[in-house]
Structure formats: structure tokens, C-alpha cells
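Shown next: upload_20.cif, given as mmCIF, C-alpha atoms.
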```cif
data_work
loop_
_atom_site.group_PDB
_atom_site.id
_atom_site.type_symbol
_atom_site.label_atom_id
_atom_site.label_comp_id
_atom_site.auth_asym_id
_atom_site.auth_seq_id
_atom_site.Cartn_x
_atom_site.Cartn_y
_atom_site.Cartn_z
ATOM 1 C CA ILE A 140 -2.426 61.182 33.353
ATOM 2 C CA PRO A 141 -4.164 57.784 33.631
ATOM 3 C CA GLU A 142 -2.996 55.814 36.651
ATOM 4 C CA ARG A 143 -2.021 52.897 34.415
ATOM 5 C CA PHE A 144 0.696 54.991 32.771
ATOM 6 C CA ILE A 145 2.025 56.144 36.141
ATOM 7 C CA ARG A 146 2.258 52.529 37.324
ATOM 8 C CA MET A 147 3.956 51.573 34.076
ATOM 9 C CA GLN A 148 6.651 54.177 34.740
ATOM 10 C CA LYS A 149 6.931 53.255 38.444
ATOM 11 C CA GLY A 150 5.654 56.616 39.660
ATOM 12 C CA ASN A 151 7.784 58.816 37.378
ATOM 13 C CA ARG A 152 5.140 61.333 36.342
ATOM 14 C CA GLN A 153 7.211 62.963 33.599
ATOM 15 C CA GLN A 154 7.889 59.650 31.909
ATOM 16 C CA ALA A 155 4.246 58.694 32.401
ATOM 17 C CA ARG A 156 3.152 61.969 30.817
ATOM 18 C CA ASP A 157 5.462 61.431 27.834
ATOM 19 C CA ALA A 158 4.138 57.888 27.341
ATOM 20 C CA TYR A 159 0.530 59.065 27.573
ATOM 21 C CA VAL A 160 1.114 61.934 25.124
ATOM 22 C CA ALA A 161 2.611 59.413 22.681
ATOM 23 C CA THR A 162 -0.490 57.226 23.042
ATOM 24 C CA VAL A 163 -2.827 60.168 22.457
ATOM 25 C CA GLN A 164 -0.860 61.043 19.330
ATOM 26 C CA TRP A 165 -1.008 57.420 18.131
ATOM 27 C CA ARG A 166 -4.765 57.374 18.634
ATOM 28 C CA LEU A 167 -5.166 60.609 16.680
ATOM 29 C CA GLU A 168 -2.933 59.503 13.820
ATOM 30 C CA ASN A 169 -4.765 56.187 13.479
ATOM 31 C CA ASP A 170 -8.273 57.505 14.245
ATOM 32 C CA VAL A 171 -8.573 54.850 16.941
ATOM 33 C CA ASP A 172 -11.482 56.513 18.740
ATOM 34 C CA THR A 173 -13.776 55.780 15.767
ATOM 35 C CA ILE A 174 -12.535 52.285 14.924
ATOM 36 C CA LEU A 175 -15.603 50.465 16.266
ATOM 37 C CA SER A 176 -17.893 52.565 14.059
ATOM 38 C CA ARG A 177 -15.782 52.073 10.933
ATOM 39 C CA ALA A 178 -16.461 49.333 8.387
ATOM 40 C CA HIS A 179 -14.385 46.204 8.905
ATOM 41 C CA PRO A 180 -15.403 43.945 5.980
ATOM 42 C CA ARG A 181 -12.359 41.713 6.446
ATOM 43 C CA TYR A 182 -13.180 40.825 10.029
ATOM 44 C CA ASP A 183 -13.882 37.142 9.285
ATOM 45 C CA ILE A 184 -10.822 36.749 7.089
ATOM 46 C CA CYS A 185 -8.534 38.300 9.718
ATOM 47 C CA LYS A 186 -9.934 35.863 12.274
ATOM 48 C CA LYS A 187 -9.016 32.955 10.002
ATOM 49 C CA ILE A 188 -5.518 34.289 9.457
ATOM 50 C CA PHE A 189 -4.893 34.794 13.174
ATOM 51 C CA PRO A 190 -7.164 32.571 15.329
ATOM 52 C CA HIS A 191 -8.097 34.287 18.588
ATOM 53 C CA TYR A 192 -11.253 34.734 20.616
ATOM 54 C CA PHE A 193 -12.905 36.004 23.770
ATOM 55 C CA ALA A 194 -13.592 32.764 25.628
ATOM 56 C CA GLY A 195 -15.701 34.270 28.426
ATOM 57 C CA ARG A 196 -14.895 35.682 31.854
ATOM 58 C CA ASP A 197 -12.630 34.225 34.531
ATOM 59 C CA PRO A 198 -13.778 33.613 38.132
ATOM 60 C CA ALA A 199 -12.856 37.210 39.011
ATOM 61 C CA GLY A 200 -15.054 38.499 36.177
ATOM 62 C CA TYR A 201 -12.247 39.604 33.854
ATOM 63 C CA PRO A 202 -12.475 38.975 30.085
ATOM 64 C CA ILE A 203 -10.452 36.042 28.789
ATOM 65 C CA VAL A 204 -8.733 36.308 25.424
ATOM 66 C CA VAL A 205 -7.145 33.267 23.788
ATOM 67 C CA GLN A 206 -4.522 33.720 21.063
ATOM 68 C CA ARG A 207 -3.022 30.967 18.906
ATOM 69 C CA PRO A 208 0.098 32.389 17.204
ATOM 70 C CA GLY A 209 1.162 28.956 15.931
ATOM 71 C CA GLN A 210 -1.832 29.057 13.573
ATOM 72 C CA LEU A 211 -0.957 32.383 11.960
ATOM 73 C CA ASP A 212 -1.598 31.782 8.251
ATOM 74 C CA PHE A 213 0.320 34.274 6.142
ATOM 75 C CA GLN A 214 -0.258 32.207 3.008
ATOM 76 C CA LEU A 215 -3.978 32.891 3.409
ATOM 77 C CA ALA A 216 -3.162 36.552 4.056
ATOM 78 C CA HIS A 217 -1.320 36.735 0.731
ATOM 79 C CA GLU A 218 -4.120 34.936 -1.103
ATOM 80 C CA GLN A 219 -6.700 37.354 0.304
ATOM 81 C CA ASN A 220 -4.504 40.436 -0.122
ATOM 82 C CA ILE A 221 -4.467 41.109 3.621
ATOM 83 C CA SER A 222 -1.575 43.357 4.589
ATOM 84 C CA MET A 223 0.250 43.688 7.899
ATOM 85 C CA ASP A 224 -1.605 46.973 8.415
ATOM 86 C CA ASP A 225 -4.928 45.163 7.899
ATOM 87 C CA LEU A 226 -4.026 42.638 10.606
ATOM 88 C CA LEU A 227 -2.942 45.380 12.996
ATOM 89 C CA PHE A 228 -6.186 47.282 12.307
ATOM 90 C CA HIS A 229 -8.082 44.139 13.284
ATOM 91 C CA TYR A 230 -5.939 43.693 16.393
ATOM 92 C CA VAL A 231 -6.728 47.242 17.543
ATOM 93 C CA PHE A 232 -10.422 46.736 16.674
ATOM 94 C CA VAL A 233 -10.505 43.753 19.067
ATOM 95 C CA LEU A 234 -8.633 45.640 21.797
ATOM 96 C CA GLU A 235 -10.939 48.646 21.534
ATOM 97 C CA TYR A 236 -13.968 46.348 21.719
ATOM 98 C CA CYS A 237 -12.555 44.840 24.887
ATOM 99 C CA TRP A 238 -11.848 48.147 26.640
ATOM 100 C CA ASN A 239 -14.935 50.020 25.434
ATOM 101 C CA ILE A 240 -17.624 47.313 25.394
ATOM 102 C CA LEU A 241 -16.557 44.271 27.432
ATOM 103 C CA GLU A 242 -14.577 45.991 30.157
ATOM 104 C CA PRO A 243 -15.016 49.779 29.978
ATOM 105 C CA GLY A 244 -13.285 51.968 32.485
ATOM 106 C CA PRO A 245 -9.706 53.022 33.152
ATOM 107 C CA SER A 246 -8.773 50.115 35.432
ATOM 108 C CA GLY A 247 -10.054 47.169 33.394
ATOM 109 C CA VAL A 248 -7.788 44.135 32.969
ATOM 110 C CA MET A 249 -7.911 40.810 31.104
ATOM 111 C CA THR A 250 -6.701 37.258 31.475
ATOM 112 C CA SER A 251 -4.700 36.132 28.439
ATOM 113 C CA VAL A 252 -4.040 32.604 27.247
ATOM 114 C CA VAL A 253 -1.346 32.179 24.596
ATOM 115 C CA ASP A 254 -1.528 28.728 23.023
ATOM 116 C CA MET A 255 1.902 27.849 21.631
ATOM 117 C CA THR A 256 0.696 24.773 19.713
ATOM 118 C CA GLY A 257 2.402 24.776 16.314
ATOM 119 C CA VAL A 258 4.996 27.398 17.221
ATOM 120 C CA SER A 259 8.557 26.534 16.242
ATOM 121 C CA LEU A 260 11.819 28.434 16.466
ATOM 122 C CA ARG A 261 11.843 28.672 12.688
ATOM 123 C CA LYS A 262 8.376 30.233 12.699
ATOM 124 C CA CYS A 263 9.308 32.645 15.496
ATOM 125 C CA PHE A 264 12.172 34.051 13.495
ATOM 126 C CA ALA A 265 10.411 34.017 10.130
ATOM 127 C CA GLY A 266 10.073 37.554 8.791
ATOM 128 C CA GLU A 267 6.300 38.045 8.718
ATOM 129 C CA MET A 268 5.528 36.261 11.970
ATOM 130 C CA ARG A 269 8.305 38.095 13.790
ATOM 131 C CA GLU A 270 7.117 41.413 12.366
ATOM 132 C CA PHE A 271 3.497 40.834 13.376
ATOM 133 C CA ILE A 272 4.388 39.677 16.880
ATOM 134 C CA GLN A 273 6.745 42.602 17.430
ATOM 135 C CA LYS A 274 4.244 45.167 16.134
ATOM 136 C CA SER A 275 1.254 43.728 18.002
ATOM 137 C CA ILE A 276 3.200 43.532 21.267
ATOM 138 C CA GLY A 277 4.391 47.093 20.681
ATOM 139 C CA VAL A 278 0.815 48.304 20.200
ATOM 140 C CA ILE A 279 -0.462 46.753 23.417
ATOM 141 C CA SER A 280 2.563 47.495 25.633
ATOM 142 C CA GLU A 281 2.878 51.140 24.560
ATOM 143 C CA ASN A 282 -0.783 52.092 24.285
ATOM 144 C CA TYR A 283 -2.636 49.728 26.630
ATOM 145 C CA PRO A 284 -0.285 49.408 29.625
ATOM 146 C CA GLN A 285 -1.186 47.612 32.844
ATOM 147 C CA ARG A 286 -4.147 45.854 31.251
ATOM 148 C CA SER A 287 -3.042 42.319 32.159
ATOM 149 C CA HIS A 288 -4.479 40.416 35.114
ATOM 150 C CA ARG A 289 -2.486 37.299 34.251
ATOM 151 C CA THR A 290 -1.032 35.546 31.189
ATOM 152 C CA LEU A 291 -0.903 31.788 30.776
ATOM 153 C CA VAL A 292 1.427 30.481 28.089
ATOM 154 C CA ILE A 293 0.262 26.938 27.356
ATOM 155 C CA ASN A 294 1.509 24.009 25.281
ATOM 156 C CA ALA A 295 4.944 25.582 25.411
ATOM 157 C CA PRO A 296 7.587 23.664 23.435
ATOM 158 C CA GLY A 297 10.661 22.471 25.289
ATOM 159 C CA TRP A 298 12.891 25.251 23.966
ATOM 160 C CA PHE A 299 10.540 28.040 25.062
ATOM 161 C CA GLY A 300 11.523 27.934 28.736
ATOM 162 C CA LYS A 301 15.181 28.500 27.863
ATOM 163 C CA LEU A 302 14.273 31.365 25.544
ATOM 164 C CA PHE A 303 12.051 32.943 28.199
ATOM 165 C CA LYS A 304 14.902 32.886 30.726
ATOM 166 C CA ILE A 305 16.842 35.112 28.322
ATOM 167 C CA ILE A 306 13.892 37.430 27.694
ATOM 168 C CA LYS A 307 12.642 37.542 31.301
ATOM 169 C CA PRO A 308 15.193 40.087 32.639
ATOM 170 C CA LEU A 309 14.135 42.486 29.873
ATOM 171 C CA LEU A 310 10.498 42.511 31.019
ATOM 172 C CA ARG A 311 9.061 44.824 33.646
ATOM 173 C CA GLU A 312 8.860 43.138 37.050
ATOM 174 C CA SER A 313 5.096 43.608 37.144
ATOM 175 C CA THR A 314 4.853 41.850 33.774
ATOM 176 C CA ARG A 315 7.106 38.944 34.770
ATOM 177 C CA GLU A 316 5.023 38.262 37.868
ATOM 178 C CA LYS A 317 1.867 37.806 35.797
ATOM 179 C CA ILE A 318 3.239 35.215 33.334
ATOM 180 C CA ALA A 319 3.020 31.465 33.918
ATOM 181 C CA ILE A 320 4.355 28.912 31.416
ATOM 182 C CA PHE A 321 3.033 25.362 31.052
ATOM 183 C CA ASN A 322 3.702 22.271 28.993
ATOM 184 C CA ALA A 323 0.761 20.153 27.854
ATOM 185 C CA GLY A 324 -0.515 17.775 30.497
ATOM 186 C CA ALA A 325 -2.462 17.426 33.723
ATOM 187 C CA GLU A 326 -0.715 20.313 35.506
ATOM 188 C CA GLN A 327 -1.556 22.659 32.644
ATOM 189 C CA ASP A 328 -5.196 21.539 32.554
ATOM 190 C CA LYS A 329 -5.504 22.052 36.313
ATOM 191 C CA ALA A 330 -4.002 25.557 36.058
ATOM 192 C CA LEU A 331 -6.356 26.449 33.198
ATOM 193 C CA ALA A 332 -9.377 25.170 35.125
ATOM 194 C CA GLU A 333 -8.418 27.228 38.182
ATOM 195 C CA ALA A 334 -7.642 30.381 36.181
ATOM 196 C CA LEU A 335 -10.568 30.262 33.749
ATOM 197 C CA GLY A 336 -13.281 28.475 35.712
ATOM 198 C CA ASP A 337 -16.476 27.914 33.727
ATOM 199 C CA ALA A 338 -14.943 29.786 30.772
ATOM 200 C CA LEU A 339 -12.389 27.031 30.071
ATOM 201 C CA PRO A 340 -12.585 26.212 26.325
ATOM 202 C CA ALA A 341 -12.836 22.483 25.603
ATOM 203 C CA GLU A 342 -10.271 22.773 22.809
ATOM 204 C CA LEU A 343 -7.576 23.757 25.320
ATOM 205 C CA VAL A 344 -7.971 20.615 27.455
ATOM 206 C CA VAL A 345 -5.625 17.827 26.408
ATOM 207 C CA GLY A 346 -7.401 14.761 27.770
ATOM 208 C CA THR A 347 -7.137 14.745 31.558
ATOM 209 C CA ASP A 348 -9.970 14.526 34.079
ATOM 210 C CA VAL A 349 -10.721 18.263 33.740
ATOM 211 C CA THR A 350 -14.176 18.660 32.191
ATOM 212 C CA PRO A 351 -15.224 21.975 30.563
ATOM 213 C CA LYS A 352 -18.721 23.230 31.322
ATOM 214 C CA GLY A 353 -20.193 22.814 27.829
ATOM 215 C CA ALA A 354 -22.801 24.830 25.936
ATOM 216 C CA ASP A 355 -25.621 26.775 27.584
ATOM 217 C CA GLU A 356 -29.301 26.600 26.594
ATOM 218 C CA ASP A 357 -28.702 29.106 23.784
ATOM 219 C CA GLY A 358 -25.862 27.080 22.303
ATOM 220 C CA PHE A 359 -23.062 29.389 23.432
ATOM 221 C CA GLU A 360 -20.000 27.881 25.102
ATOM 222 C CA ALA A 361 -16.599 28.999 26.310
ATOM 223 C CA GLY A 362 -14.247 29.334 23.360
ATOM 224 C CA PRO A 363 -14.706 30.371 19.724
ATOM 225 C CA LYS A 364 -18.500 29.959 20.078
ATOM 226 C CA SER A 365 -18.887 32.176 23.137
ATOM 227 C CA ILE A 366 -21.547 34.874 23.443
ATOM 228 C CA TYR A 367 -18.721 37.422 23.429
ATOM 229 C CA GLU A 368 -17.512 36.241 20.018
ATOM 230 C CA HIS A 369 -21.081 36.339 18.736
ATOM 231 C CA ASP A 370 -21.559 39.901 19.950
ATOM 232 C CA ILE A 371 -18.333 41.373 18.548
ATOM 233 C CA ARG A 372 -19.075 39.899 15.122
ATOM 234 C CA GLN A 373 -22.636 41.224 15.295
ATOM 235 C CA LEU A 374 -21.202 44.693 15.906
ATOM 236 C CA ALA A 375 -18.976 44.377 12.838
ATOM 237 C CA LEU A 376 -21.966 43.193 10.775
ATOM 238 C CA ALA A 377 -24.206 46.008 12.052
ATOM 239 C CA VAL A 378 -21.665 48.659 11.065
ATOM 240 C CA LEU A 379 -21.264 47.104 7.617
ATOM 241 C CA ASN A 380 -25.042 46.995 7.183
ATOM 242 C CA SER A 381 -25.365 50.660 8.152
ATOM 243 C CA LYS A 382 -22.882 51.546 5.425
ATOM 244 C CA GLY A 383 -24.388 49.292 2.775
ATOM 245 C CA GLU A 384 -21.400 46.932 2.781
ATOM 246 C CA GLN A 385 -21.084 43.174 3.240
ATOM 247 C CA MET A 386 -18.669 40.916 5.077
ATOM 248 C CA ALA A 387 -15.912 39.617 2.827
ATOM 249 C CA THR A 388 -15.425 35.874 2.524
ATOM 250 C CA CYS A 389 -12.530 33.632 1.549
#
```
Let me see the structure of the file written as C-alpha cells.
Amino acid sequence: IPERFIRMQKGNRQQARDAYVATVQWRLENDVDTILSRAHPRYDICKKIFPHYFAGRDPAGYPIVVQRPGQLDFQLAHEQNISMDDLLFHYVFVLEYCWNILEPGPSGVMTSVVDMTGVSLRKCFAGEMREFIQKSIGVISENYPQRSHRTLVINAPGWFGKLFKIIKPLLRESTREKIAIFNAGAEQDKALAEALGDALPAELVVGTDVTPKGADEDGFEAGPKSIYEHDIRQLALAVLNSKGEQMATC
């Protein structure tokens, strides 16, 4: 039984075994072990529907993933005939890339930034957004436990703190301790700079005296144009090329 599952179940080995068996079954049913070698022609479209990216690595060396749920575009998904299953396939593709390529090994963790810009209560409770959030959280919490180093929720709207106080008691203690919530401003920028270091994306800074590092000599920079984003897309393109397929476009 992987140690992560034992920690998730607070040392209860039977519960840890049951959780791990369920994950193994999920991986078999969804052929997860081969997902990185399977064609993903809708990679670019899924990225446009749900903006997210590997920004770089934090000062401790852990991968940083930024997610922007307020920019989920289900209208584009409908126009491009992208189903909920397609989006979840993409989500697992990204997770498997992280834990097999970026941070292989059983004890790897990541730093997550969840940008709440554009998120409203109405959006949160809208059918498709609620369904995607619930299913994506279910995938990561059930099948990738104890993978979080820390989570920074940024640009949180005023109502989010009150909602989180209701949700907080339902979370595992280890999860609660890793979450920090910020409103836009100097305090948030300072926290991002400390947590992300040189991998702080410029688009997350809201105009204080915090200055992101900028692009390197090859033109890569922390954020959507990072070397990590370049490499994961190159993998998707290489697999498509090997199968005689092309990347779909909008």
C-alpha cells in the first residue's frame, strides 16, 4: 500500500488498502497507465476551455500548477463538441504528466494556485461548472491523495471566506492546513512571491512592487509560456505525429 494512502486514512491500513484497491480499479477501467501514449488531439481546445498551466517550480523545487476556474468556457465546449468526459480525460492527462514526467516517484507533491478571478456564486452553482469541479476534485482526492504541498486561493471574492468556513470542517485536517486564501492586493502579491519565487507568473501580480523575473534567454517565462507548458504540448504533438493525427483547432 503506498504510504500516501496510509497517511490519507490516518494509519488505518484496512481503509488505506480499500482506497488503494479502488484507485487501481479506476486506473484499469480508464486505462490511465497508457494515457500519455494515447492520442489527445483536443489538447489545445481543452486548454482554452479550462485555462491552467504549469508555471514552473517553487523555491523547494515542487511543480507549480495554476488553475483559473472563473474562465471555464462551457459555451466553447458546446461549440467544439467537447464533453465532460473529454475535459476529465484532459485533466487526468495533465495529472499523469505531472506525476510521471515532472515529479516521478511516490512522494512527489505540487504547489497549487487557484485563481478565483471571474468566479461568482451563480457560476459555482451552475450545473456544468459544479459538475466539473465536483468530478475533478473527486478524481484528485480519491486517486492522487497527499499530493499537495500547499494551495493558494487568490483573488478570492468577499463571499468566499464565509463559504470556506462552512466547508472547512468537512476537509481533512492535513488538507485544511495547506490552504491559504487571499484577496487581491499587496499581501497576496507578497505571499505569491514568497511561495512561488522565480516562478511567479506576471499575470498573477496585481500592480504592487512585486516584480516577476521575466523571460529567460530562450523566451520561456513563468506562466502559460513556461518550458513545462512547452514540453507537455510537445509530448501531445509527438504522440499525434506517431499516429498520423493532427492537433485539432477551434
Protein/DNA/RNA residues near (-11.4, 35.4, 16.3), cut 12 Å, only C-alpha atoms, as a PDB file with C-alpha atoms, keeping the file's coordinate frame:
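Produced file out_14.pdb, reproduced below:
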```
ATOM      1  CA  ARG A 181     -12.359  41.713   6.446  1.00  0.00           C
ATOM      2  CA  TYR A 182     -13.180  40.825  10.029  1.00  0.00           C
ATOM      3  CA  ASP A 183     -13.882  37.142   9.285  1.00  0.00           C
ATOM      4  CA  ILE A 184     -10.822  36.749   7.089  1.00  0.00           C
ATOM      5  CA  CYS A 185      -8.534  38.300   9.718  1.00  0.00           C
ATOM      6  CA  LYS A 186      -9.934  35.863  12.274  1.00  0.00           C
ATOM      7  CA  LYS A 187      -9.016  32.955  10.002  1.00  0.00           C
ATOM      8  CA  ILE A 188      -5.518  34.289   9.457  1.00  0.00           C
ATOM      9  CA  PHE A 189      -4.893  34.794  13.174  1.00  0.00           C
ATOM     10  CA  PRO A 190      -7.164  32.571  15.329  1.00  0.00           C
ATOM     11  CA  HIS A 191      -8.097  34.287  18.588  1.00  0.00           C
ATOM     12  CA  TYR A 192     -11.253  34.734  20.616  1.00  0.00           C
ATOM     13  CA  PHE A 193     -12.905  36.004  23.770  1.00  0.00           C
ATOM     14  CA  ALA A 194     -13.592  32.764  25.628  1.00  0.00           C
ATOM     15  CA  VAL A 204      -8.733  36.308  25.424  1.00  0.00           C
ATOM     16  CA  VAL A 205      -7.145  33.267  23.788  1.00  0.00           C
ATOM     17  CA  GLN A 206      -4.522  33.720  21.063  1.00  0.00           C
ATOM     18  CA  ARG A 207      -3.022  30.967  18.906  1.00  0.00           C
ATOM     19  CA  PRO A 208       0.098  32.389  17.204  1.00  0.00           C
ATOM     20  CA  GLN A 210      -1.832  29.057  13.573  1.00  0.00           C
ATOM     21  CA  LEU A 211      -0.957  32.383  11.960  1.00  0.00           C
ATOM     22  CA  LEU A 226      -4.026  42.638  10.606  1.00  0.00           C
ATOM     23  CA  HIS A 229      -8.082  44.139  13.284  1.00  0.00           C
ATOM     24  CA  TYR A 230      -5.939  43.693  16.393  1.00  0.00           C
ATOM     25  CA  PHE A 232     -10.422  46.736  16.674  1.00  0.00           C
ATOM     26  CA  VAL A 233     -10.505  43.753  19.067  1.00  0.00           C
ATOM     27  CA  LEU A 234      -8.633  45.640  21.797  1.00  0.00           C
ATOM     28  CA  GLY A 362     -14.247  29.334  23.360  1.00  0.00           C
ATOM     29  CA  PRO A 363     -14.706  30.371  19.724  1.00  0.00           C
ATOM     30  CA  LYS A 364     -18.500  29.959  20.078  1.00  0.00           C
ATOM     31  CA  SER A 365     -18.887  32.176  23.137  1.00  0.00           C
ATOM     32  CA  TYR A 367     -18.721  37.422  23.429  1.00  0.00           C
ATOM     33  CA  GLU A 368     -17.512  36.241  20.018  1.00  0.00           C
ATOM     34  CA  HIS A 369     -21.081  36.339  18.736  1.00  0.00           C
ATOM     35  CA  ASP A 370     -21.559  39.901  19.950  1.00  0.00           C
ATOM     36  CA  ILE A 371     -18.333  41.373  18.548  1.00  0.00           C
ATOM     37  CA  ARG A 372     -19.075  39.899  15.122  1.00  0.00           C
TER      38      ARG A 372
END
```
- A:Gly300, A:Glu235, A:Asp224, A:Ala323: which is nearest Ser176 in chain A, counting all atoms listed in the file? A:Glu235
- Tell me, in Å to one decimal, how far CA of Gln327 in chain A is from CA of Ser251 in chain A.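 Interatomic distance, CA of Gln327 in chain A to CA of Ser251 in chain A: 14.5 Å.
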- Query: Selected by the PyMOL selection byres ((chain A and resi 331-340) around 10) in the shown coordinates: which residues, as a PyMOL selection string?
  - Reply: chain A and resi 193-203+205+250-252+289-291+293+321+325-330+341-344+349-353+360-365
- Message: I need every residue sitting at most 6 Å from the point (-15.6, 44.2, 4.7) (coordinates as in the file, all atoms listed in the file considered), written as a PyMOL selection string.
- Response: chain A and resi 179-181+385-387
